Amino acid sequence: MVIVGSGPAAFTAAIYASRAGLQPLLVASSVEVGGELMNTTEVENFPGFPEGILGPELMTKFQAQAERFGTEVEVEDVVDLDLEGPVKRVRLGAGTVHECATVVFATGSAYRKLGLEEEERLSGHGLSWCATCDGFFFRGKTIAVVGGGDSAMEEATFLTRFAERVYVVHRRDTLRASHIMQQRAFDDPKITFVWNSEVTAVLGETAVTGVTLRDTATGEHSDLTLDGLFVAIGHDPRTHLVHGKVDLTSEGTIAVQGRSSRTSVDGVFAAGDVVDPHYRQAITAAGSGAVAALDAETYLSALASPVLTDEAEPSTVTSEDDVALASTT
């Protein structure tokens, strides 16, 4: 088994698979080991940590637990997948090709960003992409939500449970959200709409203190004082490696069968945010990873005969013709 990804779904799949004696290889991106939680400061809604835990620390524990049971972790980028036939091939950036009987794809999703240089510096310091994760920290504060779709309205309405004032900043004078979500936001006395405006800068050195807005109609700039900023302009599942190889949904996530993790390709399973366009929580991703490992174990157990018998070490390949020399994992 090869698991592609390094967030809660991937490492939970690895924990279950390694405890089942499947000796999985987990290939973690060389850029974002640990997934979105690596950009989160305090995590207070993951069960088992009543005092909260830092996102990077939580992911370190995920990895340590997986490795404890025998998961091999390779920090490298997957550049291509060959999913046809009983033997799957996972090609890495360095040229190594791993062969396996089953793949668990758990690459997560990426929140769309505003494209401002301050985003990296202030992420987790008043700038967030998840109201469910971070709303509690803004009790009695003044915050803003950027966006005009259902997600933005849902985030803004949810944040009124904590914040004293919630601004919704939208670049147009009408919303894209469904009528019921719009009306719910319009009816909330804590929500104020800032129309025809886009954020051009996030203010604050060590924490968010406000934003600079540009009026999309007049071009004029103004500052808005804030304690926090939530960006809700959508997210993109990381599915580029499987485009044209497995079926996707209309929302761009990997299509799975019912409540299982089975994709349209035998032996290929998907888990976490890459299949979930709605919840996108660490706990739901972890549960999805467990499902994927159990489904993969069932699939492997049902095989009439072993798919792979070569126990050679991985080889570095330089062409498609060399794939046959690649390793068995």
# chains A, B, ... in the order shown; residues from 1 in each chain; ligands from 1
$ residues_around --residues "stretch 219-222 of chain A" --least-positions-apart "4" --cutoff "12 Å" --atoms "only C-alpha atoms" --output "list in words"
Arg171, Val194, Asn196, Ser197, Glu198, Val199, Thr200, Ala201, Val202, Leu203, Gly210, Val211, Thr212, Leu213, Arg214 and Asp215 of chain A
$ write_last_selection --atoms "all heavy atoms" --output "compact mmCIF listing (two decimals), in the first residue's frame"
# COMPACT_ATOMS: atom_id res chain seq x y z
N ARG A 171 -16.67 42.01 -3.25
CA ARG A 171 -16.21 42.88 -4.34
C ARG A 171 -17.34 43.36 -5.26
O ARG A 171 -17.12 44.24 -6.07
CB ARG A 171 -15.16 42.15 -5.18
CG ARG A 171 -15.67 40.91 -5.88
CD ARG A 171 -14.60 40.34 -6.80
NE ARG A 171 -13.41 39.96 -6.05
CZ ARG A 171 -12.26 39.62 -6.62
NH1 ARG A 171 -12.16 39.64 -7.94
NH2 ARG A 171 -11.23 39.27 -5.88
N VAL A 194 -20.11 45.26 3.48
CA VAL A 194 -19.26 46.27 2.85
C VAL A 194 -19.20 45.91 1.38
O VAL A 194 -18.45 45.02 0.96
CB VAL A 194 -17.85 46.29 3.48
CG1 VAL A 194 -17.03 47.42 2.85
CG2 VAL A 194 -17.92 46.47 4.98
N ASN A 196 -18.91 46.26 -2.90
CA ASN A 196 -17.99 46.79 -3.91
C ASN A 196 -16.61 47.08 -3.32
O ASN A 196 -16.01 48.13 -3.58
CB ASN A 196 -18.55 48.07 -4.54
CG ASN A 196 -19.85 47.81 -5.30
OD1 ASN A 196 -19.96 46.83 -6.01
ND2 ASN A 196 -20.83 48.67 -5.12
N SER A 197 -16.11 46.14 -2.56
CA SER A 197 -14.83 46.36 -1.88
C SER A 197 -13.98 45.10 -1.94
O SER A 197 -14.49 43.98 -1.83
CB SER A 197 -15.05 46.76 -0.42
OG SER A 197 -15.74 47.99 -0.33
N GLU A 198 -12.68 45.29 -2.10
CA GLU A 198 -11.74 44.18 -2.06
C GLU A 198 -10.58 44.53 -1.13
O GLU A 198 -10.20 45.69 -1.01
CB GLU A 198 -11.22 43.84 -3.45
CG GLU A 198 -10.44 44.93 -4.13
CD GLU A 198 -9.96 44.52 -5.51
OE1 GLU A 198 -10.32 43.41 -5.95
OE2 GLU A 198 -9.23 45.30 -6.14
N VAL A 199 -10.06 43.51 -0.47
CA VAL A 199 -8.95 43.70 0.46
C VAL A 199 -7.65 43.79 -0.33
O VAL A 199 -7.31 42.88 -1.08
CB VAL A 199 -8.89 42.54 1.47
CG1 VAL A 199 -7.68 42.70 2.39
CG2 VAL A 199 -10.18 42.46 2.29
N THR A 200 -6.94 44.88 -0.16
CA THR A 200 -5.66 45.05 -0.85
C THR A 200 -4.47 44.90 0.09
O THR A 200 -3.34 44.76 -0.37
CB THR A 200 -5.59 46.43 -1.52
OG1 THR A 200 -5.74 47.46 -0.52
CG2 THR A 200 -6.69 46.58 -2.57
N ALA A 201 -4.72 44.93 1.39
CA ALA A 201 -3.64 44.75 2.36
C ALA A 201 -4.25 44.35 3.69
O ALA A 201 -5.36 44.78 4.04
CB ALA A 201 -2.81 46.02 2.54
N VAL A 202 -3.52 43.50 4.42
CA VAL A 202 -3.91 43.14 5.79
C VAL A 202 -2.95 43.86 6.72
O VAL A 202 -1.72 43.74 6.59
CB VAL A 202 -3.84 41.62 6.02
CG1 VAL A 202 -4.34 41.28 7.41
CG2 VAL A 202 -4.66 40.88 4.97
N LEU A 203 -3.49 44.61 7.65
CA LEU A 203 -2.69 45.46 8.53
C LEU A 203 -2.32 44.72 9.81
O LEU A 203 -3.07 43.90 10.31
CB LEU A 203 -3.46 46.74 8.85
CG LEU A 203 -3.99 47.53 7.64
CD1 LEU A 203 -4.80 48.73 8.11
CD2 LEU A 203 -2.83 47.97 6.74
N GLY A 210 -6.38 45.26 11.14
CA GLY A 210 -7.32 45.84 10.20
C GLY A 210 -6.98 45.46 8.79
O GLY A 210 -6.06 44.66 8.53
N VAL A 211 -7.71 46.04 7.84
CA VAL A 211 -7.44 45.80 6.43
C VAL A 211 -7.55 47.11 5.66
O VAL A 211 -8.21 48.06 6.11
CB VAL A 211 -8.44 44.79 5.82
CG1 VAL A 211 -8.26 43.40 6.43
CG2 VAL A 211 -9.88 45.27 5.98
N THR A 212 -6.90 47.14 4.51
CA THR A 212 -7.08 48.24 3.58
C THR A 212 -8.00 47.76 2.47
O THR A 212 -7.77 46.69 1.90
CB THR A 212 -5.75 48.70 2.98
OG1 THR A 212 -4.91 49.21 4.03
CG2 THR A 212 -5.96 49.80 1.95
N LEU A 213 -9.04 48.55 2.19
CA LEU A 213 -10.03 48.19 1.18
C LEU A 213 -9.93 49.12 -0.02
O LEU A 213 -9.66 50.31 0.14
CB LEU A 213 -11.44 48.26 1.77
CG LEU A 213 -11.74 47.40 3.01
CD1 LEU A 213 -13.15 47.67 3.51
CD2 LEU A 213 -11.56 45.92 2.68
N ARG A 214 -10.18 48.55 -1.19
CA ARG A 214 -10.30 49.36 -2.40
C ARG A 214 -11.72 49.28 -2.91
O ARG A 214 -12.27 48.20 -3.08
CB ARG A 214 -9.34 48.86 -3.47
CG ARG A 214 -9.31 49.76 -4.72
CD ARG A 214 -8.42 49.20 -5.80
NE ARG A 214 -9.06 48.08 -6.48
CZ ARG A 214 -9.89 48.20 -7.53
NH1 ARG A 214 -10.19 49.41 -8.01
NH2 ARG A 214 -10.43 47.14 -8.08
N ASP A 215 -12.33 50.43 -3.13
CA ASP A 215 -13.67 50.49 -3.69
C ASP A 215 -13.58 50.10 -5.17
O ASP A 215 -12.91 50.77 -5.95
CB ASP A 215 -14.26 51.89 -3.53
CG ASP A 215 -15.72 51.96 -3.90
OD1 ASP A 215 -16.07 51.52 -5.01
OD2 ASP A 215 -16.52 52.45 -3.08
$ residues_around --residues "stretch 230-247 of chain A" --least-positions-apart "5" --cutoff "6 Å" --atoms "only C-alpha atoms" --output "PyMOL selection string"
chain A and resi 107-112+127-129+145-147+152+253+255+264+274
$ atom_distance --atom1 "atom CA of A:Glu36" --atom2 "atom CA of A:Phe69"
24.1 Å
$ select_by_dssp --residues "stretch 81-321 of chain A" --states "strand (DSSP E or B)" --output "number ranges by chain"
A: 81-82, 88-92, 96-100, 103-105, 109-111, 123, 127-128, 142-146, 165-169, 191-194, 197-203, 210-215, 221-225, 228-231, 235-237, 248, 254, 262, 268-270, 316
$ residues_around --residues "stretch 136-143 of chain A" --least-positions-apart "4" --cutoff "7 Å" --atoms "only C-alpha atoms" --output "VMD selection string"
chain A and resid 162 to 167 226 to 229
$ closest_residue --among "A:Ile191, A:Ala207, A:Val97, A:Ala271" --to "A:Glu76" --atoms "only C-alpha atoms"
A:Val97
